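Participant: Here it is: the structure, laid out below.
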Amino acid sequence: MSELKTKAVFFDRDGVILKTIIRNGKPTPAYSKKEFDEKGGFLPNVVEAIETVKKLGYLAILATNQPDIKYGNISQEDFDYVQSKVAKLPFDDIFICFHHPNENCDCRKPKPGMLLSASRKWNIDLSKSFFLGDTENDTEASKLAGCKSILMEASYNTDLEADYRIKNFTDNEGLITILTN
Ligand SMILES: [Mg+2]
């Protein structure tokens, strides 16, 4: 029996879908509902980017590390508030690793666990898939899963190596060129 495999574009959350807040030189998500409403929120044209990906025949899947509840940086209630906004985006699926790094789980990026789980669930050919992220955890997970990496450029990732780079979603032509070549 031949089973036709699908392909996907995996999206990181913070720095790709949501604005980050730089603390001690590192990009971090909002740590409260108030901070999300005042300084966080969505990056421009996120919905259009997800729809573009889907129109080109890819599944759009969120794969994000969210250890900040475990770190005590954000309450469960405020996390749920932020994530409820993200859940309204037209993603086909959402994978979240809530673990603390000390738990040594298989899903926390840079490990490729979330991508491998998604691949099993949706019958995804990872070699024809992309991971769109903003940090080394993303480019590394992408490499380990056998995907191609797309880096969303930011002040904190200029030295990072990736297969492709885009500046933002305001001009989707760059993304379309990468996904159709
Ligand atoms: Mg990120």
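Naming scheme: A, B, ... for chains in displayed order of the structure tokens; residues 1 onward per chain; ligands 1 onward as shown.
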Set the distance at 9 Å and use only C-alpha atoms: which residues neighbour region 57-65 of chain A once local chain neighbours fewer than 3 positions away are removed? I'd like the list as a count of residues only.
Facilitator: 36
Participant: Return as a ChimeraX atom specification the residues of protein, DNA or RNA that approach ligand 1 to within 9 Å, with only C-alpha atoms and all ligand atoms taken into account.
Facilitator: /A:12-18,20,27-29,64-65,133-138
Participant: Taking N, CA and C atoms for each residue, export the selection above as a compact mmCIF listing (two decimals), in the first residue's frame.
Facilitator:
```txt
# COMPACT_ATOMS: atom_id res chain seq x y z
N ASP A 12 7.79 28.38 14.92
CA ASP A 12 8.05 28.68 16.31
C ASP A 12 7.03 29.75 16.75
N ARG A 13 6.83 29.93 18.03
CA ARG A 13 5.86 30.95 18.49
C ARG A 13 6.51 32.31 18.74
N ASP A 14 7.41 32.37 19.73
CA ASP A 14 7.92 33.68 20.16
C ASP A 14 9.03 34.16 19.22
N GLY A 15 8.83 35.32 18.64
CA GLY A 15 9.80 35.85 17.68
C GLY A 15 9.44 35.51 16.24
N VAL A 16 8.38 34.72 16.06
CA VAL A 16 7.93 34.37 14.71
C VAL A 16 6.46 34.76 14.55
N ILE A 17 5.66 34.35 15.53
CA ILE A 17 4.22 34.66 15.54
C ILE A 17 3.95 35.84 16.48
N LEU A 18 4.61 35.76 17.64
CA LEU A 18 4.42 36.81 18.65
C LEU A 18 5.68 37.66 18.81
N THR A 20 8.61 39.49 20.73
CA THR A 20 9.35 39.13 21.94
C THR A 20 9.69 40.41 22.71
N PRO A 27 15.67 37.19 23.72
CA PRO A 27 14.25 37.35 23.40
C PRO A 27 13.40 36.48 24.32
N THR A 28 12.41 37.07 24.94
CA THR A 28 11.52 36.31 25.83
C THR A 28 10.07 36.65 25.48
N PRO A 29 9.15 35.75 25.81
CA PRO A 29 7.74 36.08 25.62
C PRO A 29 7.24 37.02 26.72
N THR A 64 6.44 24.77 19.77
CA THR A 64 7.03 25.79 20.64
C THR A 64 7.42 25.24 22.02
N ASN A 65 8.57 25.68 22.52
CA ASN A 65 8.95 25.43 23.92
C ASN A 65 8.30 26.50 24.78
N GLY A 133 11.91 29.57 12.40
CA GLY A 133 12.17 29.95 13.78
C GLY A 133 13.11 31.14 13.88
N ASP A 134 13.46 31.49 15.12
CA ASP A 134 14.31 32.68 15.31
C ASP A 134 15.53 32.41 16.19
N THR A 135 15.68 31.20 16.72
CA THR A 135 16.83 30.93 17.59
C THR A 135 17.50 29.60 17.19
N GLU A 136 18.64 29.36 17.82
CA GLU A 136 19.42 28.15 17.52
C GLU A 136 18.64 26.88 17.88
N ASN A 137 17.79 26.95 18.91
CA ASN A 137 16.95 25.79 19.25
C ASN A 137 16.13 25.36 18.03
N ASP A 138 15.69 26.32 17.26
CA ASP A 138 14.85 26.03 16.10
C ASP A 138 15.68 25.48 14.93
```
Participant: Just how far from CA of Val82 (chain A) is CA of Asn168 (chain A), in Å to one decimal?
Facilitator: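 The value is 21.1 Å.
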Participant: I'd like the contact shell of Ala49 (chain A) - 9 Å cut-off, only C-alpha atoms, skipping same-chain residues fewer than 5 positions apart - returned as a PyMOL selection string.
Facilitator: chain A and resi 54+169-170+172+175
Participant: Generate a file of the selected residues that holds all heavy atoms, formatted as a short mmCIF file (atom, residue, chain, number, x, y, z; two decimals), in the first residue's frame.
Facilitator:
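This went into part.cif:
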```
data_model
loop_
_atom_site.label_atom_id
_atom_site.label_comp_id
_atom_site.auth_asym_id
_atom_site.auth_seq_id
_atom_site.Cartn_x
_atom_site.Cartn_y
_atom_site.Cartn_z
N LYS A 54 -0.45 27.28 3.69
CA LYS A 54 -1.48 26.26 3.45
C LYS A 54 -1.91 26.22 1.99
O LYS A 54 -2.11 25.15 1.41
CB LYS A 54 -2.67 26.50 4.38
CG LYS A 54 -2.28 26.27 5.85
CD LYS A 54 -3.34 26.70 6.82
CE LYS A 54 -4.47 25.71 6.92
NZ LYS A 54 -5.35 26.05 8.09
N PHE A 169 7.00 38.90 7.79
CA PHE A 169 5.92 38.39 6.94
C PHE A 169 5.25 39.50 6.12
O PHE A 169 4.26 39.25 5.45
CB PHE A 169 4.85 37.72 7.80
CG PHE A 169 5.28 36.42 8.43
CD1 PHE A 169 4.95 36.16 9.75
CD2 PHE A 169 5.98 35.47 7.71
CE1 PHE A 169 5.32 34.95 10.35
CE2 PHE A 169 6.36 34.27 8.30
CZ PHE A 169 6.03 34.02 9.63
N THR A 170 5.79 40.72 6.21
CA THR A 170 5.09 41.82 5.51
C THR A 170 5.16 41.64 4.00
O THR A 170 4.27 42.05 3.29
CB THR A 170 5.62 43.20 5.92
OG1 THR A 170 7.04 43.16 5.94
CG2 THR A 170 5.12 43.61 7.28
N ASN A 172 5.29 38.51 1.64
CA ASN A 172 5.29 37.04 1.63
C ASN A 172 6.02 36.46 0.41
O ASN A 172 6.17 35.24 0.31
CB ASN A 172 3.87 36.50 1.69
CG ASN A 172 3.42 36.33 3.14
OD1 ASN A 172 4.24 36.05 4.01
ND2 ASN A 172 2.15 36.51 3.38
N LEU A 175 8.93 34.19 1.33
CA LEU A 175 8.48 32.88 1.84
C LEU A 175 7.98 32.01 0.67
O LEU A 175 8.30 30.83 0.60
CB LEU A 175 7.37 33.12 2.87
CG LEU A 175 6.88 31.90 3.66
CD1 LEU A 175 8.02 31.22 4.40
CD2 LEU A 175 5.79 32.31 4.64
#
```
Participant: Of the candidates A:Gly25, A:Asp163, A:Lys85, A:Lys5, which one gets nearest to Gly40 (chain A) if we count only C-alpha atoms?
Facilitator: A:Lys85
Participant: Run DSSP on the backbone and grab whatever in region 43-123 of chain A lands in helix (DSSP H, G or I); send it over as a PyMOL selection string.
Facilitator: chain A and resi 46-55+68-71+76-86+101-103+113-122
Participant: May I have the selected residues written with C-alpha atoms, as an mmCIF file, in the first residue's frame?
Facilitator:
```
data_model
loop_
_atom_site.group_PDB
_atom_site.id
_atom_site.type_symbol
_atom_site.label_atom_id
_atom_site.label_comp_id
_atom_site.auth_asym_id
_atom_site.auth_seq_id
_atom_site.Cartn_x
_atom_site.Cartn_y
_atom_site.Cartn_z
ATOM 1 C CA VAL A 46 0.914 36.257 10.686
ATOM 2 C CA VAL A 47 -2.503 35.074 9.488
ATOM 3 C CA GLU A 48 -1.583 35.843 5.863
ATOM 4 C CA ALA A 49 1.688 33.900 6.226
ATOM 5 C CA ILE A 50 -0.093 30.826 7.629
ATOM 6 C CA GLU A 51 -2.692 30.985 4.882
ATOM 7 C CA THR A 52 0.025 31.345 2.233
ATOM 8 C CA VAL A 53 1.769 28.242 3.538
ATOM 9 C CA LYS A 54 -1.476 26.258 3.452
ATOM 10 C CA LYS A 55 -2.360 27.479 -0.050
ATOM 11 C CA ASP A 68 7.958 29.782 31.592
ATOM 12 C CA ILE A 69 5.170 28.339 33.735
ATOM 13 C CA LYS A 70 7.715 25.870 35.169
ATOM 14 C CA TYR A 71 10.262 28.683 35.587
ATOM 15 C CA GLN A 76 -1.015 29.361 34.158
ATOM 16 C CA GLU A 77 -3.929 31.773 33.830
ATOM 17 C CA ASP A 78 -1.908 34.413 31.977
ATOM 18 C CA PHE A 79 -0.253 31.780 29.787
ATOM 19 C CA ASP A 80 -3.710 30.454 28.857
ATOM 20 C CA TYR A 81 -4.807 33.996 27.968
ATOM 21 C CA VAL A 82 -1.899 34.424 25.522
ATOM 22 C CA GLN A 83 -2.233 30.915 24.121
ATOM 23 C CA SER A 84 -6.000 31.369 23.589
ATOM 24 C CA LYS A 85 -5.134 34.177 21.149
ATOM 25 C CA VAL A 86 -2.581 31.972 19.373
ATOM 26 C CA PRO A 101 15.137 21.710 30.755
ATOM 27 C CA ASN A 102 16.013 19.579 33.832
ATOM 28 C CA GLU A 103 13.220 17.165 32.993
ATOM 29 C CA GLY A 113 10.591 15.355 19.321
ATOM 30 C CA MET A 114 7.686 17.638 18.441
ATOM 31 C CA LEU A 115 8.562 17.462 14.753
ATOM 32 C CA LEU A 116 8.869 13.673 14.873
ATOM 33 C CA SER A 117 5.512 13.370 16.693
ATOM 34 C CA ALA A 118 3.866 15.638 14.127
ATOM 35 C CA SER A 119 5.426 13.602 11.341
ATOM 36 C CA ARG A 120 3.925 10.371 12.741
ATOM 37 C CA LYS A 121 0.524 11.951 13.391
ATOM 38 C CA TRP A 122 0.166 13.641 9.988
#
```
Participant: Out of A:Ile21, A:Leu89, A:Leu160, A:Ala145, which residue has the shortest atom-to-atom distance to Phe130 (chain A) when counting only C-alpha atoms?
Facilitator: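 Under the stated criterion, the closest residue is A:Ala145.
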Participant: Please compute the CA of Leu56 (chain A)-CA of Gly41 (chain A) distance, one decimal, in Å.
Facilitator: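 Between these atoms lies a distance of 26.3 Å.
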